[in-house]
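Dropping target.cif in here (mmCIF, C-alpha atoms and all ligand atoms):
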data_protein
#
loop_
_atom_site.label_atom_id
_atom_site.label_comp_id
_atom_site.auth_asym_id
_atom_site.auth_seq_id
_atom_site.Cartn_x
_atom_site.Cartn_y
_atom_site.Cartn_z
CA MET A 15 131.68 145.32 131.03
CA SER A 16 128.83 142.85 131.54
CA LYS A 17 129.53 139.59 133.34
CA ARG A 18 129.99 136.26 131.60
CA ARG A 19 126.82 134.15 131.79
CA VAL A 20 125.95 130.48 131.75
CA GLY A 21 122.45 128.97 131.53
CA ILE A 22 121.15 125.82 133.20
CA LEU A 23 118.00 123.75 132.80
CA THR A 24 116.77 120.43 134.24
CA GLY A 25 115.11 118.40 131.45
CA GLY A 26 113.21 115.10 131.42
CA GLY A 27 111.68 113.41 134.47
CA ASP A 28 112.95 114.68 137.81
CA CYS A 29 115.09 112.66 140.20
CA PRO A 30 116.95 113.13 143.48
CA GLY A 31 120.17 115.13 142.98
CA LEU A 32 118.93 117.78 140.53
CA ASN A 33 119.06 120.49 143.19
CA ALA A 34 122.56 119.40 144.14
CA VAL A 35 123.59 119.97 140.49
CA ILE A 36 121.93 123.41 140.34
CA ARG A 37 123.76 124.27 143.56
CA GLY A 38 127.12 122.95 142.30
CA VAL A 39 126.87 124.82 139.00
CA THR A 40 125.73 128.07 140.61
CA LYS A 41 128.22 128.06 143.46
CA SER A 42 131.19 127.28 141.24
CA ALA A 43 130.08 129.61 138.43
CA VAL A 44 129.62 132.54 140.80
CA GLY A 45 132.33 131.77 143.36
CA LYS A 46 135.10 130.29 141.22
CA TYR A 47 134.61 131.87 137.80
CA GLY A 48 132.77 135.13 138.63
CA MET A 49 130.01 134.25 136.18
CA GLU A 50 126.25 134.85 136.32
CA VAL A 51 123.82 131.94 136.12
CA VAL A 52 120.47 131.97 134.31
CA GLY A 53 118.12 129.16 135.37
CA PHE A 54 115.35 128.21 132.91
CA TYR A 55 112.09 126.99 134.42
CA ASP A 56 110.61 123.59 133.54
CA GLY A 57 113.40 122.39 131.29
CA PHE A 58 113.15 123.40 127.64
CA GLN A 59 109.61 124.69 128.25
CA GLY A 60 111.13 127.68 130.04
CA MET A 61 113.36 128.44 127.05
CA ILE A 62 110.43 128.17 124.65
CA GLU A 63 108.25 130.44 126.80
CA GLU A 64 111.07 132.77 127.92
CA ARG A 65 110.64 131.90 131.59
CA PHE A 66 113.88 132.10 133.55
CA THR A 67 115.50 133.53 136.67
CA MET A 68 118.93 134.73 137.71
CA LEU A 69 120.39 132.30 140.24
CA ARG A 70 122.58 133.76 142.98
CA ALA A 71 124.64 131.73 145.46
CA ASP A 72 122.04 132.53 148.13
CA ASP A 73 119.25 131.03 146.02
CA VAL A 74 120.92 127.63 146.05
CA SER A 75 121.99 127.61 149.66
CA GLY A 76 120.44 124.73 151.62
CA ILE A 77 119.13 122.76 148.63
CA LEU A 78 121.84 120.07 148.43
CA THR A 79 119.70 117.53 150.26
CA HIS A 80 116.34 118.44 148.73
CA GLY A 81 114.59 116.17 146.21
CA GLY A 82 113.06 117.51 142.98
CA THR A 83 114.36 120.64 141.26
CA ILE A 84 113.86 124.28 142.26
CA LEU A 85 113.72 125.07 138.52
CA GLY A 86 110.99 122.57 137.68
CA ALA A 87 111.28 119.94 134.95
CA SER A 88 109.38 118.72 131.90
CA ASN A 89 109.70 115.40 130.12
CA LYS A 90 107.56 116.60 127.22
CA ALA A 91 109.04 119.97 126.23
CA ASN A 92 110.99 119.86 122.98
CA PRO A 93 111.86 123.02 120.97
CA PHE A 94 112.03 120.88 117.81
CA ALA A 95 108.51 119.48 118.30
CA HIS A 96 106.44 121.96 120.26
CA PRO A 97 102.64 121.58 120.23
CA VAL A 98 100.89 124.59 118.67
CA GLY A 99 97.23 125.15 117.82
CA SER A 100 94.31 123.20 119.22
CA GLY A 101 91.81 120.55 118.17
CA GLU A 102 92.23 119.45 114.59
CA ASN A 103 94.77 122.20 113.92
CA ARG A 104 97.10 121.00 116.61
CA GLN A 105 100.58 120.13 115.36
CA LEU A 106 104.16 119.85 116.52
CA ALA A 107 106.26 122.80 115.31
CA ASP A 108 109.98 123.55 115.32
CA VAL A 109 110.46 126.59 117.60
CA SER A 110 114.19 126.11 118.13
CA ASP A 111 114.92 129.51 116.49
CA LYS A 112 113.09 131.15 119.44
CA CYS A 113 115.31 129.33 121.90
CA MET A 114 118.43 130.28 119.94
CA SER A 115 117.39 133.97 119.91
CA LEU A 116 116.83 133.87 123.68
CA TYR A 117 120.19 132.15 124.16
CA GLN A 118 121.85 134.96 122.20
CA ASP A 119 119.84 137.81 123.73
CA LEU A 120 120.73 136.63 127.21
CA GLY A 121 124.41 136.60 126.17
CA LEU A 122 124.91 133.01 127.31
CA GLU A 123 128.38 131.60 126.92
CA ALA A 124 127.00 128.07 127.31
CA LEU A 125 123.89 126.14 128.34
CA ILE A 126 124.21 123.31 130.86
CA CYS A 127 121.56 120.69 130.08
CA VAL A 128 120.92 118.33 132.98
CA GLY A 129 118.98 115.31 131.79
CA GLY A 130 118.77 111.91 130.17
CA ASP A 131 119.06 110.80 126.53
CA GLY A 132 116.07 112.93 125.45
CA THR A 133 117.60 116.08 126.94
CA MET A 134 121.03 115.25 125.46
CA THR A 135 119.40 114.74 122.05
CA ILE A 136 117.77 118.17 122.17
CA GLY A 137 120.99 119.70 123.54
CA GLY A 138 122.95 118.16 120.66
CA LYS A 139 120.48 119.58 118.14
CA LEU A 140 120.79 123.06 119.68
CA ALA A 141 124.60 122.64 119.52
CA ALA A 142 124.26 122.04 115.76
CA LEU A 143 122.45 125.40 115.57
CA GLY A 144 125.35 127.14 117.31
CA ALA A 145 124.63 126.91 121.06
CA ASN A 146 127.48 125.84 123.35
CA ILE A 147 126.11 122.86 125.25
CA VAL A 148 127.45 120.96 128.25
CA GLY A 149 125.50 117.89 129.40
CA VAL A 150 125.14 116.44 132.90
CA PRO A 151 123.86 112.83 133.01
CA LYS A 152 120.73 112.34 135.09
CA THR A 153 118.13 109.58 135.27
CA ILE A 154 116.84 106.94 137.66
CA ASP A 155 116.95 104.55 134.67
CA ASN A 156 120.79 104.63 134.49
CA ASP A 157 120.47 104.16 130.73
CA LEU A 158 122.74 106.90 129.37
CA MET A 159 125.58 105.76 127.14
CA GLU A 160 129.22 106.53 127.93
CA THR A 161 128.82 106.89 131.68
CA ASP A 162 129.03 104.08 134.22
CA VAL A 163 126.32 105.73 136.25
CA THR A 164 123.89 108.64 136.20
CA PHE A 165 122.98 110.56 139.32
CA GLY A 166 119.49 109.72 140.61
CA PHE A 167 119.92 106.00 140.09
CA ASP A 168 121.32 105.26 143.54
CA SER A 169 118.41 106.99 145.28
CA ALA A 170 115.86 105.13 143.14
CA ARG A 171 117.67 101.83 143.75
CA LEU A 172 117.47 102.47 147.50
CA ALA A 173 113.73 103.27 147.32
CA ALA A 174 113.07 100.10 145.30
CA THR A 175 115.22 97.93 147.56
CA GLU A 176 113.51 99.24 150.70
CA ALA A 177 110.13 98.50 149.12
CA ILE A 178 111.19 94.95 148.27
CA ASP A 179 112.42 94.46 151.85
CA ARG A 180 109.06 95.60 153.21
CA LEU A 181 107.18 93.29 150.85
CA HIS A 182 109.42 90.41 151.84
CA SER A 183 108.24 90.31 155.43
CA THR A 184 104.55 90.50 154.59
CA ALA A 185 104.98 87.95 151.79
CA GLN A 186 106.47 85.57 154.34
CA SER A 187 103.68 86.11 156.90
CA HIS A 188 100.88 85.48 154.41
CA HIS A 189 102.58 82.87 152.19
CA ARG A 190 102.00 85.02 149.15
CA VAL A 191 103.75 85.85 145.93
CA MET A 192 104.60 89.55 145.91
CA ILE A 193 105.11 91.07 142.51
CA ILE A 194 106.76 94.47 142.51
CA GLU A 195 107.05 96.59 139.38
CA VAL A 196 109.86 99.13 139.20
CA MET A 197 110.59 101.86 136.64
CA GLY A 198 113.49 101.98 134.19
CA ARG A 199 111.89 102.33 130.73
CA ASN A 200 113.58 99.93 128.32
CA ALA A 201 116.58 99.32 130.55
CA GLY A 202 116.51 96.79 133.38
CA TRP A 203 119.18 98.32 135.62
CA LEU A 204 116.80 99.35 138.37
CA ALA A 205 115.01 95.98 138.41
CA LEU A 206 118.26 94.01 138.25
CA GLU A 207 120.09 95.91 140.98
CA SER A 208 117.20 96.38 143.40
CA GLY A 209 116.11 92.81 142.66
CA VAL A 210 119.52 91.41 143.57
CA ALA A 211 119.84 93.72 146.60
CA GLY A 212 116.36 92.71 147.80
CA GLY A 213 116.89 88.99 147.18
CA GLY A 214 114.23 88.69 144.46
CA ASP A 215 113.46 85.08 143.51
CA VAL A 216 112.52 86.10 139.98
CA ILE A 217 113.69 89.25 138.18
CA LEU A 218 112.11 90.14 134.85
CA LEU A 219 113.99 92.54 132.58
CA PRO A 220 113.07 94.31 129.32
CA GLU A 221 116.25 92.89 127.78
CA LEU A 222 115.10 89.25 128.18
CA PRO A 223 111.45 88.46 127.33
CA TYR A 224 110.12 86.05 129.95
CA ASP A 225 108.49 82.66 129.67
CA ILE A 226 105.52 82.69 132.06
CA ASP A 227 105.76 78.88 132.42
CA GLU A 228 109.22 79.36 133.88
CA VAL A 229 107.98 82.00 136.35
CA VAL A 230 105.10 79.72 137.44
CA SER A 231 107.49 76.80 137.80
CA VAL A 232 109.92 78.76 140.05
CA VAL A 233 107.11 79.85 142.38
CA ARG A 234 105.60 76.37 142.54
CA LYS A 235 108.95 74.69 143.19
CA ARG A 236 109.72 77.09 146.02
CA SER A 237 106.35 76.33 147.55
CA ARG A 238 106.79 72.58 147.19
CA PHE A 239 110.16 72.72 148.94
CA GLY A 240 108.93 74.75 151.90
CA LYS A 241 109.27 78.37 150.78
CA LYS A 242 105.64 79.35 150.79
CA PHE A 243 106.30 82.86 149.50
CA SER A 244 108.15 84.38 146.55
CA ILE A 245 109.32 87.81 145.45
CA VAL A 246 109.05 88.68 141.76
CA VAL A 247 110.72 91.95 140.72
CA VAL A 248 109.45 93.19 137.36
CA SER A 249 110.84 96.00 135.25
CA GLU A 250 108.05 98.14 133.75
CA GLY A 251 109.56 97.43 130.32
CA ALA A 252 109.41 93.62 130.69
CA ARG A 253 107.34 91.62 128.21
CA PRO A 254 106.45 87.96 127.68
CA GLN A 255 108.11 85.96 124.93
CA GLY A 256 106.11 86.66 121.78
CA GLY A 257 104.11 89.34 123.63
CA LYS A 258 104.08 93.09 124.05
CA GLN A 259 105.05 95.72 126.60
CA VAL A 260 102.19 97.32 128.55
CA TYR A 261 101.59 101.10 128.57
CA ARG A 262 99.70 102.94 131.26
CA GLU A 263 99.40 106.10 129.15
CA ILE A 264 99.95 107.35 125.63
CA ALA A 265 100.51 111.11 125.88
CA ASP A 266 99.51 113.02 122.74
CA ASP A 267 101.64 116.14 123.20
CA THR A 268 105.15 114.75 123.03
CA THR A 269 107.53 112.99 120.68
CA GLU A 270 107.95 110.23 123.29
CA PRO A 271 104.28 109.44 124.00
CA LYS A 272 104.49 105.90 125.41
CA ARG A 273 104.54 105.68 129.21
CA LEU A 274 105.22 102.11 130.38
CA GLY A 275 103.43 100.51 133.32
CA GLY A 276 101.09 97.71 134.31
CA ILE A 277 102.75 94.50 133.05
CA SER A 278 102.95 93.21 136.65
CA ARG A 279 99.12 93.05 136.85
CA GLU A 280 99.04 90.65 133.90
CA ILE A 281 101.77 88.56 135.51
CA GLY A 282 99.94 88.53 138.86
CA GLU A 283 96.69 87.29 137.34
CA ILE A 284 98.31 84.46 135.41
CA LEU A 285 100.58 83.46 138.26
CA GLU A 286 97.77 83.27 140.81
CA GLU A 287 95.61 81.20 138.51
CA ARG A 288 98.36 78.80 137.50
CA SER A 289 100.17 78.40 140.84
CA SER A 290 97.13 78.54 143.14
CA ILE A 291 99.17 80.77 145.44
CA GLU A 292 97.75 84.13 146.38
CA CYS A 293 99.51 86.98 144.54
CA ARG A 294 99.66 90.71 145.29
CA VAL A 295 100.93 93.37 142.92
CA THR A 296 102.71 96.59 143.90
CA ILE A 297 103.53 99.17 141.25
CA LEU A 298 106.10 101.37 142.92
CA GLY A 299 105.74 104.29 140.51
CA HIS A 300 106.96 107.77 141.28
CA LEU A 301 107.98 106.92 144.85
CA GLN A 302 111.22 105.92 143.14
CA ARG A 303 111.78 109.45 141.85
CA GLY A 304 110.96 111.48 144.93
CA GLY A 305 112.71 112.26 148.18
CA THR A 306 116.14 113.20 149.31
CA PRO A 307 119.20 112.08 147.31
CA THR A 308 121.49 109.44 148.81
CA PRO A 309 125.05 110.45 149.75
CA LEU A 310 126.32 108.85 146.51
CA ASP A 311 123.89 110.90 144.40
CA ARG A 312 124.87 114.10 146.23
CA ILE A 313 128.53 113.33 145.57
CA LEU A 314 127.94 112.46 141.89
CA ALA A 315 125.79 115.55 141.40
CA THR A 316 128.38 117.81 143.00
CA GLN A 317 131.28 116.33 141.06
CA PHE A 318 129.36 116.30 137.74
CA SER A 319 128.25 119.93 138.17
CA VAL A 320 131.72 121.19 139.06
CA SER A 321 133.18 119.22 136.10
CA ALA A 322 130.54 120.77 133.83
CA MET A 323 131.59 124.26 134.92
CA GLU A 324 135.22 123.32 134.28
CA LEU A 325 134.27 122.45 130.70
CA VAL A 326 132.49 125.81 130.36
CA ALA A 327 135.57 127.60 131.72
CA GLU A 328 137.84 125.72 129.29
CA GLY A 329 135.51 126.40 126.37
CA LYS A 330 135.15 122.64 125.79
CA TYR A 331 131.59 122.57 124.54
CA ASN A 332 129.14 120.03 123.17
CA HIS A 333 130.31 117.37 125.59
CA MET A 334 128.60 115.54 128.45
CA VAL A 335 130.44 114.93 131.71
CA ALA A 336 130.60 111.24 132.59
CA LEU A 337 132.04 108.80 135.11
CA GLN A 338 134.19 106.08 133.56
CA GLY A 339 135.89 103.79 136.08
CA ASN A 340 136.93 106.24 138.77
CA ARG A 341 137.58 109.15 136.37
CA TYR A 342 135.30 112.04 135.53
CA VAL A 343 135.63 112.60 131.78
CA ALA A 344 133.99 114.55 128.95
CA VAL A 345 132.34 112.64 126.08
CA PRO A 346 131.13 114.16 122.79
CA ILE A 347 127.40 114.73 123.07
CA GLU A 348 126.71 112.96 119.71
CA LYS A 349 127.75 109.72 121.40
CA VAL A 350 124.82 109.85 123.82
CA MET A 351 122.11 111.22 121.54
CA GLY A 352 119.16 108.94 120.74
CA VAL A 353 120.68 105.78 122.23
CA GLN A 354 120.03 103.93 125.46
CA ARG A 355 122.41 101.79 127.51
CA VAL A 356 120.64 98.54 128.31
CA VAL A 357 121.70 95.59 130.47
CA PRO A 358 123.95 93.19 128.53
CA LEU A 359 122.80 89.61 129.09
CA ASP A 360 126.31 88.64 130.18
CA ALA A 361 126.44 91.37 132.85
CA PRO A 362 128.49 90.17 135.85
CA LEU A 363 125.56 90.90 138.17
CA MET A 364 123.29 88.63 136.10
CA LYS A 365 125.85 85.84 136.44
CA ALA A 366 126.03 86.42 140.18
CA ALA A 367 122.24 86.41 140.48
CA LEU A 368 122.00 83.13 138.57
CA ALA A 369 124.69 81.64 140.82
CA VAL A 370 122.58 82.35 143.91
CA GLY A 371 119.51 80.79 142.33
CA THR A 372 117.66 83.83 140.99
CA SER A 373 115.57 83.20 137.90
CA PHE A 374 115.28 85.68 135.04
CA GLY A 375 112.12 83.96 133.84
CA ALA A 376 113.77 82.50 130.76
CA GLU A 377 116.55 80.17 129.64
CA ILE A 378 119.79 82.06 129.74
CA ALA A 379 123.18 80.64 128.90
CA ILE A 380 126.00 82.60 130.54
O1 LIG B 1 112.87 108.19 132.75
C1 LIG B 1 112.48 108.27 134.07
C2 LIG B 1 111.12 107.63 134.27
O2 LIG B 1 110.80 107.66 135.65
C3 LIG B 1 111.00 106.21 133.73
O3 LIG B 1 111.59 105.26 134.55
C4 LIG B 1 109.50 106.09 133.59
O4 LIG B 1 109.16 105.16 132.59
C5 LIG B 1 109.09 107.48 133.17
O5 LIG B 1 110.13 108.36 133.57
C6 LIG B 1 107.80 107.93 133.80
O6 LIG B 1 107.40 109.14 133.22
P1 LIG B 1 106.23 110.06 133.81
O7 LIG B 1 106.83 110.82 134.98
O8 LIG B 1 105.88 110.96 132.68
O9 LIG B 1 105.13 109.19 134.27
#
Using the file provided, produce a representation of the structure as structure tokens.
Ligand code: F6P
Amino acid sequence: MSKRRVGILTGGGDCPGLNAVIRGVTKSAVGKYGMEVVGFYDGFQGMIEERFTMLRADDVSGILTHGGTILGASNKANPFAHPVGSGENRQLADVSDKCMSLYQDLGLEALICVGGDGTMTIGGKLAALGANIVGVPKTIDNDLMETDVTFGFDSARLAATEAIDRLHSTAQSHHRVMIIEVMGRNAGWLALESGVAGGGDVILLPELPYDIDEVVSVVRKRSRFGKKFSIVVVSEGARPQGGKQVYREIADDTTEPKRLGGISREIGEILEERSSIECRVTILGHLQRGGTPTPLDRILATQFSVSAMELVAEGKYNHMVALQGNRYVAVPIEKVMGVQRVVPLDAPLMKAALAVGTSFGAEIAI
């Protein structure tokens, strides 16, 4: 009799902890449940193009601490909108039937989709076509619904905080305003938490459009009262009141074409001109996504992956594993499809930041 099989893919942008999940799934599938594991390369792209590998326990040995993903990832691949043709004939086609045939031909009992809201949305759509899906919440943005935290966030928060710390000392030496832009898409978790951890004087979030007059006034006041430098932490999704977000790229081969980035340059120019204090801009970029996972991310990844295999073993499909309070739970995948968890303006950490004198660049009554 052939062995029971489970598939795994890492979708969306990569982050520290993906390898720890691949390891946790493979080791528990093989060792605890006697199952085989099929790993698809480059997220859903590997399913579309029939590129996969059998993962044995040996293949995942030693990868717990490694950044990235041994399977590769794609934040563009989507079986429901796959680019076909070229030039004027190029269009996005639904090739999900190909993925479903492969799923069946490989004899998969379930497919573990490791990713953010985009990956969960595709996973949920494949579930509607008959695949058994189990989701594992990943993203440095920490913006998945129904889970207190995603793995990858802690490592990105550490990278951003360390960068702010480094900018702090040079800001102080040169009496400059340092503006640091962090990732996060339309959710300000990374900016808020690294900003508070790094002692940012101003933190600008996508959830609260800023008033540039307020930002100028904070920097000027600090200077007048002896603090000749300031730290402004900006989320890439931030925008001025009445203004727009800034995109660094519009990709033409994906259903999510807008790539945020660059708002901090606008802020730097205006701030320097209006405050007469020298400003420098740092866009942290993909440094936040690379490198080794923190202990917390290794623990989350291990616990999430083992919980995902438990769901497979129980036959509890079309759920995502999640952390709620101190409990690992399973939530229906529909609850996380196509929605993002943003920072509520009455978040306790925002209150704490206000209490220690941090500005969010706008009037806020909490
Ligand atoms: O979702 C993760 C993330 O790093 C976002 O914070 C960022 O906006 C986006 O991905 C960057 O995408 P790319 O790797 O395509 O530049």
What are the centre and edge lengths in Å, to one decimal, of the axis-aligned box around all listed atoms of ligand LIG 1 (chain B) with 6 Å added on each side, as lines of an AutoDock Vina configuration file?
center_x = 109.0
center_y = 108.1
center_z = 134.1
size_x = 19.7
size_y = 17.8
size_z = 15.1
Practice prompt. Could you tell me, counting all atoms listed in the file, which protein and nucleic acid residues lie no more than 7 Å from ligand LIG 1 (chain B), written as a list in words?
Written response: Gly27, Asn89, Thr153, Ile154, Asp155, Met197, Gly198, Arg199, Arg273, Leu274, His300 and Arg303 of chain A
Worksheet entry | Near-A:Arg234 list (12 Å; only C-alpha atoms; drop same-chain fewer than 3 positions) as a list in words |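 Non-adjacent residues within range: Arg190, Val191, Asp215, Asp227, Glu228, Val229, Val230, Ser231, Ser237, Arg238, Phe239, Gly240, Lys241, Lys242, Phe243, Ser244, Leu285, Glu286, Glu287, Arg288, Ser289, Ser290, Ile291 and Glu292 of chain A.
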- Name the closest residue to A:Ser42 among the candidates A:Asp119, A:Glu324, A:Glu270, A:Glu176; distances are taken between atoms, counting all atoms listed in the file.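 Counting all atoms listed in the file, the residue closest to A:Ser42 is A:Glu324.
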Exercise. Can you work out which one of A:Ile245, A:Ala369, A:Ala142, A:Leu325 has the shortest atom-to-atom distance to A:Ala177, counting all atoms listed in the file?
Key: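 Checking each of A:Ile245, A:Ala369, A:Ala142, A:Leu325 against A:Ala177, counting all atoms listed in the file, the winner is A:Ile245.
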inquiry  = Applying 8 Å and only C-alpha atoms, which residues near A:Gly82 remain after dropping the ones on its own chain fewer than 6 positions away? List them as a VMD selection string.
reply    = chain A and resid 28 to 33 304 to 305
Export of the given selection (C-alpha atoms) as a PDB file, in the frame of the given file:
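The new file part-v8.pdb reads:
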ATOM      1  CA  ASP A  28     112.950 114.680 137.810  1.00  0.00           C
ATOM      2  CA  CYS A  29     115.090 112.660 140.200  1.00  0.00           C
ATOM      3  CA  PRO A  30     116.950 113.130 143.480  1.00  0.00           C
ATOM      4  CA  GLY A  31     120.170 115.130 142.980  1.00  0.00           C
ATOM      5  CA  LEU A  32     118.930 117.780 140.530  1.00  0.00           C
ATOM      6  CA  ASN A  33     119.060 120.490 143.190  1.00  0.00           C
ATOM      7  CA  GLY A 304     110.960 111.480 144.930  1.00  0.00           C
ATOM      8  CA  GLY A 305     112.710 112.260 148.180  1.00  0.00           C
TER       9      GLY A 305
END
Note to self: Applying 12 Å and only C-alpha atoms, which residues near stretch 259-268 of chain A remain after dropping the ones on its own chain fewer than 2 positions away? List them as a PyMOL selection string.
What the structure shows: chain A and resi 26+88-101+104-107+132+195+199-200+219-221+223-224+248-257+270-281+297+299
Could you write out that same residue set with C-alpha atoms as a tab-separated table (two decimals), keeping the file's coordinate frame?
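To be explicit, this is the file written out as out06.tsv:
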chain	number	residue	atom	x	y	z
A	26	GLY	CA	113.21	115.10	131.42
A	88	SER	CA	109.38	118.72	131.90
A	89	ASN	CA	109.70	115.40	130.12
A	90	LYS	CA	107.56	116.60	127.22
A	91	ALA	CA	109.04	119.97	126.23
A	92	ASN	CA	110.99	119.86	122.98
A	93	PRO	CA	111.86	123.02	120.97
A	94	PHE	CA	112.03	120.88	117.81
A	95	ALA	CA	108.51	119.48	118.30
A	96	HIS	CA	106.44	121.96	120.26
A	97	PRO	CA	102.64	121.58	120.23
A	98	VAL	CA	100.89	124.59	118.67
A	99	GLY	CA	97.23	125.15	117.82
A	100	SER	CA	94.31	123.20	119.22
A	101	GLY	CA	91.81	120.55	118.17
A	104	ARG	CA	97.10	121.00	116.61
A	105	GLN	CA	100.58	120.13	115.36
A	106	LEU	CA	104.16	119.85	116.52
A	107	ALA	CA	106.26	122.80	115.31
A	132	GLY	CA	116.07	112.93	125.45
A	195	GLU	CA	107.05	96.59	139.38
A	199	ARG	CA	111.89	102.33	130.73
A	200	ASN	CA	113.58	99.93	128.32
A	219	LEU	CA	113.99	92.54	132.58
A	220	PRO	CA	113.07	94.31	129.32
A	221	GLU	CA	116.25	92.89	127.78
A	223	PRO	CA	111.45	88.46	127.33
A	224	TYR	CA	110.12	86.05	129.95
A	248	VAL	CA	109.45	93.19	137.36
A	249	SER	CA	110.84	96.00	135.25
A	250	GLU	CA	108.05	98.14	133.75
A	251	GLY	CA	109.56	97.43	130.32
A	252	ALA	CA	109.41	93.62	130.69
A	253	ARG	CA	107.34	91.62	128.21
A	254	PRO	CA	106.45	87.96	127.68
A	255	GLN	CA	108.11	85.96	124.93
A	256	GLY	CA	106.11	86.66	121.78
A	257	GLY	CA	104.11	89.34	123.63
A	270	GLU	CA	107.95	110.23	123.29
A	271	PRO	CA	104.28	109.44	124.00
A	272	LYS	CA	104.49	105.90	125.41
A	273	ARG	CA	104.54	105.68	129.21
A	274	LEU	CA	105.22	102.11	130.38
A	275	GLY	CA	103.43	100.51	133.32
A	276	GLY	CA	101.09	97.71	134.31
A	277	ILE	CA	102.75	94.50	133.05
A	278	SER	CA	102.95	93.21	136.65
A	279	ARG	CA	99.12	93.05	136.85
A	280	GLU	CA	99.04	90.65	133.90
A	281	ILE	CA	101.77	88.56	135.51
A	297	ILE	CA	103.53	99.17	141.25
A	299	GLY	CA	105.74	104.29	140.51
Atom-to-atom span, atom CA of A:Lys258 and atom CA of A:Leu222, Å
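Result for atom CA of A:Lys258 versus atom CA of A:Leu222: 12.4 Å, one decimal.
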Of A:Asp108, A:Glu160, A:Glu377, A:Glu102, the one sitting nearest A:Ile347 when using only C-alpha atoms is A:Glu160
Query - For A:Val20, the nearest of the candidates A:Thr67, A:Gln59, A:Gln354, A:Ser183, counting all atoms listed in the file - result: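 Smallest separation from A:Val20 among the options: A:Thr67.
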inquiry  = Could you list, as a ChimeraX atom specification, every residue within 7 Å of A:Glu50, counting all atoms listed in the file and ignoring same-chain residues fewer than 6 positions away?
reply    = /A:17-20,43-44
For the selection just defined, write its residues with C-alpha atoms to a file, as a JSON list (two decimals), keeping the file's coordinate frame.
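Result file follows (part39.json):
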[["chain", "number", "residue", "atom", "x", "y", "z"],
["A", 17, "LYS", "CA", 129.53, 139.59, 133.34],
["A", 18, "ARG", "CA", 129.99, 136.26, 131.60],
["A", 19, "ARG", "CA", 126.82, 134.15, 131.79],
["A", 20, "VAL", "CA", 125.95, 130.48, 131.75],
["A", 43, "ALA", "CA", 130.08, 129.61, 138.43],
["A", 44, "VAL", "CA", 129.62, 132.54, 140.80]]
Work out how far atom CA of A:Ile178 is from atom CA of A:Ala367, in Å to one decimal.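 Atom-to-atom, atom CA of A:Ala367 to atom CA of A:Ile178, that is 16.0 Å.
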Q.
Ranking A:Ala185, A:Leu69, A:Ile193, A:Ala361 by minimum distance to A:Ile217 and counting all atoms listed in the file, which one comes first?
A.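 Distance minimum relative to A:Ile217 lands on A:Ile193.
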Work out how far apart atom CA of A:Tyr342 and atom CA of A:Thr161 are and give it in Å to one decimal.
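These atoms are spaced 9.1 Å apart.
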(Q) When you count only C-alpha atoms, which of these residues is closest to A:Arg355: A:Leu368, A:Gly214, A:Val343, A:Asp157? (A)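 Comparing A:Leu368, A:Gly214, A:Val343, A:Asp157 against A:Arg355, the winner is A:Asp157.
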List the spatial neighbours of A:Gly329 as a PDB file with C-alpha atoms, in the frame of the given file - criterion: any atom at most 10 Å away, only C-alpha atoms, same-chain residues fewer than 3 positions off excluded.
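Result file out_28.pdb:
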ATOM      1  CA  GLU A 123     128.380 131.600 126.920  1.00  0.00           C
ATOM      2  CA  ALA A 124     127.000 128.070 127.310  1.00  0.00           C
ATOM      3  CA  ASN A 146     127.480 125.840 123.350  1.00  0.00           C
ATOM      4  CA  VAL A 148     127.450 120.960 128.250  1.00  0.00           C
ATOM      5  CA  MET A 323     131.590 124.260 134.920  1.00  0.00           C
ATOM      6  CA  GLU A 324     135.220 123.320 134.280  1.00  0.00           C
ATOM      7  CA  LEU A 325     134.270 122.450 130.700  1.00  0.00           C
ATOM      8  CA  VAL A 326     132.490 125.810 130.360  1.00  0.00           C
ATOM      9  CA  ASN A 332     129.140 120.030 123.170  1.00  0.00           C
TER      10      ASN A 332
END
